[in-house]
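**Q** Take this structure, written in structure tokens, and hold onto it; I'll ask about it next.
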Amino acid sequence: MIASEVLLSARDLSVRFGGVLAVNKVGFEVRRGEVFTLIGPNGAGKTTVFNLISRIYTPTSGQIVWHGEDARPVVLTEHAPHEIAALGIARTFQNIELFEHATVLHNLLIGRHRHRRTGFWRDVFFTPGTRRAEIESREKVERVIDLLDLQHHRDSTVAGLPYGVRKVVELARALCTEPKLLLLDEPSSGLNVEETADMAFWIQDIQKELGISVLMVEHDMSLVSKVSDRVLAMNMGEALASGTPSEVQSDGRVVEAYLGAVDDLSSLRRGRV
Ligand SMILES: Nc1ncnc2c1ncn2[C@@H]1O[C@H](COP(=O)(O)OP(=O)(O)OP(=O)(O)O)[C@@H](O)[C@H]1O
């Protein structure tokens with residue numbers, strides 16, 4: 001692979017929690033512009049990989065290198081968790097994390113926070129610089145609202161919205177940070193078939209129209225097959241196989257890993273392409 005194609009690389013990544021080796025020497029690369037998906041039975045270590053990238057956890061060994069800055073690779077473990085968004089990495093969570101009692105618009109404006117460069121006193125006196133930044137933020141947020149079809153919900157309080165809409169709002173908030181890489185943790189969980197189909201559509205739009213790369217953890221194999229360029233299957237903390245969705249789904253080691261979890265195996269088969 002040409003080095004300039006790589007946006008993020010995880011090398012020999014391990015993390016141990018007491019006696020549990022949650023991630024064991026895992027390596028993968030996310031290329032610019034692709035949708036790369038981590039699959040695997042429950043407890044495989046997928047969310048832990050996300051938490052390592054977001055710096056919620058620190059790896060016991062190994063490295064995560066970010067190539068989002070033009071020339072200079074950045075070792076993520078040398079950065080504090082609050083600096084990760086500023087580097088251009090945004091994420092959604094398995095359990096939606098939004099300000100429940102704020103409106104959709106306010107949640108999205110909070111998502112713009114990392115782009116505010118105005119400073120406390122300029123904000124207090126509402127200087128022309130502050131005003132310009134405010135207008136720019138509003139315009140960017142409105143564009144995301146249009147893209148994800150959230151116009152009807154702009155002024156609704158998040159707590160009153162159906163679960164499926166809240167999932168889209170969380171996606172919108174992540175997009176408002178203008179990321180280069182979007183981490184989606186189980187975007188289809190809790191969604192019905194129709195909402196999952198919509199989610200696939202949004203992910204494809206985000207990749208194709210906005211040119212944002214996506215790293216996703218997902219169980220729904222029909223969604224995985226529809227949107228992923230490449231897939232990495234994990235089991236018990238280890239990388240098992242990688243390739244296109246159909247290559248990975250028919251890999252003997254992957255099928256065997258899912259055999260240990262019958263429910264998970266049926267989800268693997270449902271999405272077979
Ligand atoms: N903070 C923690 N402390 C102790 N053990 C942890 C911690 N976080 C994760 N683990 C353990 O690490 C292993 C991998 O968990 P992880 O949540 O990453 O799996 P997963 O592949 O995302 O599973 P699922 O599909 O069910 O979300 C599990 O055995 C889990 O119990």
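Residues are referred to by chain and number: the chain letter is A, B, ... according to the order shown in the structure tokens, the number counts from 1 in that chain, and ligands are numbered separately from 1 in the order shown.
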Set out as JSON lines a contact list for chain A and ligand 1 with a cut-off of 6 Å, giving each residue of chain A that qualifies its closest atom pair and distance in Å to one decimal, counting only C-alpha atoms and all ligand atoms, ordered by chain and rising residue number.
**A**
{"residue": "A:Phe17", "atom": "CA", "partner": "ligand 1", "partner_atom_place_in_ligand_line": "4 (C)", "distance": 4.8}
{"residue": "A:Ala22", "atom": "CA", "partner": "ligand 1", "partner_atom_place_in_ligand_line": "12 (O)", "distance": 4.0}
{"residue": "A:Pro41", "atom": "CA", "partner": "ligand 1", "partner_atom_place_in_ligand_line": "25 (O)", "distance": 5.9}
{"residue": "A:Asn42", "atom": "CA", "partner": "ligand 1", "partner_atom_place_in_ligand_line": "26 (O)", "distance": 3.5}
{"residue": "A:Gly43", "atom": "CA", "partner": "ligand 1", "partner_atom_place_in_ligand_line": "19 (O)", "distance": 3.4}
{"residue": "A:Ala44", "atom": "CA", "partner": "ligand 1", "partner_atom_place_in_ligand_line": "21 (O)", "distance": 3.6}
{"residue": "A:Gly45", "atom": "CA", "partner": "ligand 1", "partner_atom_place_in_ligand_line": "18 (O)", "distance": 3.2}
{"residue": "A:Lys46", "atom": "CA", "partner": "ligand 1", "partner_atom_place_in_ligand_line": "21 (O)", "distance": 3.8}
{"residue": "A:Thr47", "atom": "CA", "partner": "ligand 1", "partner_atom_place_in_ligand_line": "22 (O)", "distance": 3.6}
{"residue": "A:Thr48", "atom": "CA", "partner": "ligand 1", "partner_atom_place_in_ligand_line": "18 (O)", "distance": 3.7}
**Q** Kindly save the residues from that selection, with C-alpha atoms included, as a CSV table (one decimal), in the first residue's frame.
**A**
chain,number,residue,atom,x,y,z
A,17,PHE,CA,-7.2,-5.3,32.1
A,22,ALA,CA,-8.8,-7.6,25.7
A,41,PRO,CA,-18.5,-12.1,18.3
A,42,ASN,CA,-19.3,-10.4,21.6
A,43,GLY,CA,-16.2,-9.7,23.7
A,44,ALA,CA,-13.9,-9.9,20.7
A,45,GLY,CA,-12.3,-6.5,21.6
A,46,LYS,CA,-13.8,-4.2,19.0
A,47,THR,CA,-15.0,-1.5,21.3
A,48,THR,CA,-11.8,-1.6,23.2
**Q** Which residues are near Gly160 (chain A)? Cut-off 10 Å, only C-alpha atoms, ignore same chain within fewer than 6 positions. Put them as number ranges by chain.
**A** A: 100-101, 103, 166
**Q** List the neighbours of Ala174 (chain A) out to 6 Å using only C-alpha atoms; skip same-chain residues closer than 3 positions along the sequence, and give me the result as a list of chain:residue names.
**A** A:Ala90, A:Leu171, A:Thr177
**Q** Can you spit out the residues from that selection as a short mmCIF file (atom, residue, chain, number, x, y, z; two decimals), in the first residue's frame, using N, CA and C atoms?
**A**
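Final output, result_9.cif:
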data_model
loop_
_atom_site.label_atom_id
_atom_site.label_comp_id
_atom_site.auth_asym_id
_atom_site.auth_seq_id
_atom_site.Cartn_x
_atom_site.Cartn_y
_atom_site.Cartn_z
N ALA A 90 -13.63 11.90 15.10
CA ALA A 90 -14.87 12.05 15.86
C ALA A 90 -15.48 10.66 16.05
N LEU A 171 -24.86 11.09 15.04
CA LEU A 171 -24.02 11.07 13.83
C LEU A 171 -23.78 12.50 13.35
N THR A 177 -18.06 18.32 13.82
CA THR A 177 -16.67 18.59 14.20
C THR A 177 -15.76 18.60 12.96
#
**Q** Looking at only C-alpha atoms, which of A:Pro187, A:Gly243, A:Gly111, A:Gly68 is the one that sits closest to Leu223 (chain A)?
**A**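 Smallest distance to Leu223 (chain A) is found for A:Pro187.
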**Q** Name the residues of region 22-149 of chain A that fall into helix (DSSP H, G or I) according to DSSP on the backbone, using the chain letters and numbers of this document, as a PyMOL selection string.
**A** chain A and resi 46-53+76-78+81-87+104-111+113-115+120-124+128-147
**Q** Any chance you could tabulate, as a Markdown table, the residues of region 1-79 of chain A at most 12 Å from region 199-204 of chain A with each one's nearest atom pair and distance in Å to one decimal, using only C-alpha atoms, in chain and rising number order?
**A**
| residue | atom | partner | partner_atom | distance |
| --- | --- | --- | --- | --- |
| A:Gly33 | CA | A:Gln204 | CA | 10.8 |
| A:Glu34 | CA | A:Gln204 | CA | 10.0 |
| A:Val35 | CA | A:Ile203 | CA | 8.6 |
| A:Phe36 | CA | A:Ile203 | CA | 11.6 |
**Q** I need the residue nearest Phe50 (chain A) from this list: A:Met236, A:Leu148, A:Leu13, A:Val141. Use only C-alpha atoms for the distance.
**A**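 Answer, going by the shortest atom-to-atom distance: A:Leu13.
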**Q** To test your reading of the structure, identify every residue in region 13-187 of chain A that backbone DSSP assigns to strand (DSSP E), and report it as a PyMOL selection string.
**A** chain A and resi 13-17+20-31+35-39+61-66+74-75+89-91+181-185
